[in-house]
Amino acid sequence: MTDCLFCKMVSGEIEPAVVYENEEVLAFRDLNPQAPTHVLVIPKRHISTINDLQQGDAELIGKLYLGAQKVAEQEGIHGAERGYRTVMNCSAEAGQTVFHLHLHLLGGRPMGWPPG
Ligand code: 5GP
Ligand code: ZN
């Protein structure tokens, strides 16, 4: 999609701070970090929201989590005594603002619960 911010990052039109990449997934630092580590893991193919997922996307979603695991390892927050949170907001009430599917990886500080 030409008018999608995250598609522009996949195409290279906008250059985010990339921390991990493979054939299907791109991970880059959030512009407005909410924790010492705040990375967005996105599919390179445009999907707007969780509501738009198809049966054939099941493996791709697993790959987003494997990407997050890799980044957590790189960031040194993957140990059992550390930890991190993954969040995927869906639509208005959850606060989704960019309509290209993304998994937030947050870590490097204790996380409160329940979330806001
Ligand atoms: P959402 O609210 O849709 O779950 O998350 C969108 C995230 O994208 C927000 O955390 C926001 O800070 C981040 N974001 C918005 N614009 C940009 C940008 O241009 N570059 C980067 N790296 N992150 C962005
Ligand atoms: Zn997109």
# chains A, B, ... in the order shown; residues from 1 in each chain; ligands from 1

call {"tool": "closest_atom_pairs", "arguments": {"of": "chain A", "to": "ligand 2", "cutoff": "10 Å", "atoms": "only C-alpha atoms and all ligand atoms", "output": "Markdown table"}}
result
| residue | atom | partner | partner_atom_place_in_ligand_line | distance |
| --- | --- | --- | --- | --- |
| A:Met1 | CA | ligand 2 | 1 (Zn) | 5.5 |
| A:Thr2 | CA | ligand 2 | 1 (Zn) | 7.8 |
| A:Asp3 | CA | ligand 2 | 1 (Zn) | 7.8 |
| A:Cys4 | CA | ligand 2 | 1 (Zn) | 4.6 |
| A:Leu5 | CA | ligand 2 | 1 (Zn) | 6.4 |
| A:Phe6 | CA | ligand 2 | 1 (Zn) | 5.0 |
| A:Cys7 | CA | ligand 2 | 1 (Zn) | 3.9 |
| A:Lys8 | CA | ligand 2 | 1 (Zn) | 7.4 |
| A:Met9 | CA | ligand 2 | 1 (Zn) | 8.7 |
| A:Val10 | CA | ligand 2 | 1 (Zn) | 8.3 |
| A:Ser11 | CA | ligand 2 | 1 (Zn) | 9.9 |
| A:Ile42 | CA | ligand 2 | 1 (Zn) | 9.1 |
| A:Pro43 | CA | ligand 2 | 1 (Zn) | 8.7 |
| A:Lys44 | CA | ligand 2 | 1 (Zn) | 7.8 |
| A:Arg45 | CA | ligand 2 | 1 (Zn) | 7.0 |
| A:His46 | CA | ligand 2 | 1 (Zn) | 4.2 |
| A:Ile47 | CA | ligand 2 | 1 (Zn) | 6.5 |
| A:Ser48 | CA | ligand 2 | 1 (Zn) | 6.9 |
| A:Val98 | CA | ligand 2 | 1 (Zn) | 8.7 |
| A:Phe99 | CA | ligand 2 | 1 (Zn) | 7.0 |
| A:His100 | CA | ligand 2 | 1 (Zn) | 4.5 |
| A:Leu101 | CA | ligand 2 | 1 (Zn) | 7.7 |
| A:His102 | CA | ligand 2 | 1 (Zn) | 9.8 |

call {"tool": "residues_near_ligand", "arguments": {"ligand": "ligand 1", "cutoff": "10 Å", "atoms": "only C-alpha atoms and all ligand atoms", "output": "short mmCIF file (atom, residue, chain, number, x, y, z; two decimals) with N, CA, C and O atoms, in the first residue's frame"}}
result
data_model
loop_
_atom_site.label_atom_id
_atom_site.label_comp_id
_atom_site.auth_asym_id
_atom_site.auth_seq_id
_atom_site.Cartn_x
_atom_site.Cartn_y
_atom_site.Cartn_z
N LEU A 5 2.40 4.09 6.20
CA LEU A 5 3.67 4.46 6.81
C LEU A 5 4.62 3.25 6.93
O LEU A 5 5.80 3.34 6.57
N PHE A 6 4.11 2.14 7.42
CA PHE A 6 4.99 0.99 7.65
C PHE A 6 5.36 0.30 6.34
O PHE A 6 6.46 -0.26 6.23
N LYS A 8 6.05 1.94 3.74
CA LYS A 8 7.16 2.79 3.28
C LYS A 8 8.46 2.40 3.96
O LYS A 8 9.55 2.58 3.41
N MET A 9 8.38 1.88 5.17
CA MET A 9 9.58 1.41 5.86
C MET A 9 10.05 0.10 5.26
O MET A 9 11.25 -0.14 5.13
N ILE A 14 11.10 5.26 3.71
CA ILE A 14 11.43 5.82 5.02
C ILE A 14 12.37 4.82 5.68
O ILE A 14 12.15 3.61 5.57
N GLU A 15 13.41 5.32 6.33
CA GLU A 15 14.41 4.42 6.93
C GLU A 15 14.33 4.46 8.45
O GLU A 15 14.88 5.36 9.07
N PRO A 16 13.66 3.47 9.05
CA PRO A 16 13.59 3.41 10.51
C PRO A 16 14.89 2.83 11.07
O PRO A 16 15.76 2.40 10.30
N ALA A 17 15.00 2.82 12.40
CA ALA A 17 16.17 2.19 13.06
C ALA A 17 15.90 0.69 13.15
O ALA A 17 15.30 0.20 14.10
N VAL A 18 16.33 -0.02 12.12
CA VAL A 18 16.06 -1.46 12.02
C VAL A 18 16.94 -2.23 13.00
O VAL A 18 18.15 -1.98 13.09
N ALA A 27 11.82 -5.50 11.97
CA ALA A 27 11.69 -4.99 13.35
C ALA A 27 12.51 -3.71 13.47
O ALA A 27 13.68 -3.66 13.06
N PHE A 28 11.89 -2.67 14.01
CA PHE A 28 12.56 -1.37 14.14
C PHE A 28 12.12 -0.68 15.41
O PHE A 28 11.06 -1.00 15.98
N ARG A 29 12.92 0.28 15.87
CA ARG A 29 12.63 0.97 17.12
C ARG A 29 11.44 1.93 16.97
O ARG A 29 11.33 2.63 15.95
N ASP A 30 10.58 1.93 18.00
CA ASP A 30 9.44 2.84 18.01
C ASP A 30 9.95 4.29 18.13
O ASP A 30 10.88 4.58 18.87
N LEU A 31 9.31 5.19 17.41
CA LEU A 31 9.69 6.60 17.40
C LEU A 31 9.47 7.25 18.77
O LEU A 31 10.17 8.19 19.14
N ASN A 32 8.50 6.75 19.51
CA ASN A 32 8.10 7.34 20.79
C ASN A 32 8.13 6.24 21.86
O ASN A 32 7.08 5.77 22.32
N PRO A 33 9.36 5.82 22.26
CA PRO A 33 9.48 4.61 23.09
C PRO A 33 8.84 4.75 24.47
O PRO A 33 8.98 5.77 25.14
N GLN A 34 8.14 3.70 24.89
CA GLN A 34 7.45 3.65 26.18
C GLN A 34 8.23 2.81 27.19
O GLN A 34 7.76 2.58 28.31
N HIS A 38 11.73 -0.62 23.05
CA HIS A 38 10.39 -0.56 22.45
C HIS A 38 10.57 -0.71 20.94
O HIS A 38 10.99 0.23 20.25
N VAL A 39 10.31 -1.91 20.49
CA VAL A 39 10.53 -2.27 19.09
C VAL A 39 9.20 -2.72 18.50
O VAL A 39 8.38 -3.34 19.19
N LEU A 40 8.98 -2.39 17.24
CA LEU A 40 7.79 -2.85 16.51
C LEU A 40 8.21 -3.92 15.53
O LEU A 40 9.16 -3.73 14.77
N THR A 49 -5.22 -4.99 10.30
CA THR A 49 -5.50 -5.26 11.71
C THR A 49 -5.61 -6.76 11.94
O THR A 49 -5.69 -7.56 10.99
N VAL A 87 2.57 -6.75 22.70
CA VAL A 87 1.21 -6.21 22.61
C VAL A 87 0.88 -5.96 21.15
O VAL A 87 1.70 -5.43 20.40
N MET A 88 -0.34 -6.36 20.77
CA MET A 88 -0.81 -6.02 19.43
C MET A 88 -2.18 -5.36 19.59
O MET A 88 -3.15 -6.01 19.99
N ASN A 89 -2.24 -4.07 19.38
CA ASN A 89 -3.49 -3.33 19.52
C ASN A 89 -4.35 -3.54 18.28
O ASN A 89 -3.84 -3.53 17.16
N CYS A 90 -5.65 -3.72 18.49
CA CYS A 90 -6.57 -3.90 17.36
C CYS A 90 -7.70 -2.88 17.41
O CYS A 90 -8.52 -2.91 18.33
N SER A 91 -7.67 -1.98 16.45
CA SER A 91 -8.74 -1.00 16.22
C SER A 91 -8.85 0.07 17.31
O SER A 91 -7.98 0.16 18.20
N ALA A 92 -9.89 0.85 17.24
CA ALA A 92 -9.98 2.13 17.95
C ALA A 92 -9.85 2.02 19.47
O ALA A 92 -9.00 2.69 20.07
N ALA A 94 -8.65 -0.12 21.40
CA ALA A 94 -7.35 -0.62 21.87
C ALA A 94 -6.24 0.41 21.63
O ALA A 94 -5.12 0.24 22.09
N GLY A 95 -6.56 1.46 20.87
CA GLY A 95 -5.58 2.52 20.64
C GLY A 95 -4.70 2.31 19.42
O GLY A 95 -3.64 2.92 19.32
N GLN A 96 -5.14 1.47 18.48
CA GLN A 96 -4.33 1.29 17.27
C GLN A 96 -4.32 2.58 16.47
O GLN A 96 -5.39 3.16 16.20
N THR A 97 -3.12 3.06 16.12
CA THR A 97 -3.01 4.31 15.37
C THR A 97 -2.39 4.11 13.99
O THR A 97 -2.58 4.94 13.10
N VAL A 98 -1.62 3.04 13.82
CA VAL A 98 -1.04 2.74 12.51
C VAL A 98 -1.68 1.43 12.03
O VAL A 98 -1.57 0.39 12.69
N PHE A 99 -2.34 1.50 10.87
CA PHE A 99 -3.13 0.36 10.41
C PHE A 99 -2.35 -0.52 9.45
O PHE A 99 -2.77 -0.78 8.32
N HIS A 100 -1.18 -0.93 9.94
CA HIS A 100 -0.37 -2.00 9.35
C HIS A 100 0.03 -2.83 10.57
O HIS A 100 0.70 -2.30 11.49
N LEU A 101 -0.40 -4.07 10.60
CA LEU A 101 -0.22 -4.95 11.76
C LEU A 101 1.18 -4.81 12.37
O LEU A 101 2.17 -4.78 11.63
N HIS A 102 1.27 -4.68 13.69
CA HIS A 102 2.58 -4.61 14.34
C HIS A 102 2.51 -5.16 15.74
O HIS A 102 1.53 -4.93 16.47
N LEU A 103 3.55 -5.86 16.12
CA LEU A 103 3.67 -6.41 17.46
C LEU A 103 4.64 -5.52 18.23
O LEU A 103 5.79 -5.34 17.82
N HIS A 104 4.15 -4.91 19.32
CA HIS A 104 5.03 -4.10 20.17
C HIS A 104 5.85 -5.05 21.04
O HIS A 104 5.30 -5.96 21.67
#

call {"tool": "residues_around", "arguments": {"residues": "Leu106 of chain A", "least_positions_apart": "6", "cutoff": "6 Å", "atoms": "only C-alpha atoms", "output": "PyMOL selection string"}}
result
chain A and resi 35+37-38+84-85

call {"tool": "closest_residue", "arguments": {"among": "A:Leu66, A:Val71, A:Val25, A:Leu60", "to": "Leu105 of chain A", "atoms": "only C-alpha atoms"}}
result
A:Val71

call {"tool": "select_by_dssp", "arguments": {"residues": "chain A", "states": "helix (DSSP H, G or I)", "output": "ChimeraX atom specification"}}
result
/A:5-11,50-52,55-75,91-94

call {"tool": "closest_residue", "arguments": {"among": "A:Gly107, A:Ile50, A:Pro114, A:Gly12", "to": "His78 of chain A", "atoms": "only C-alpha atoms"}}
result
A:Gly107
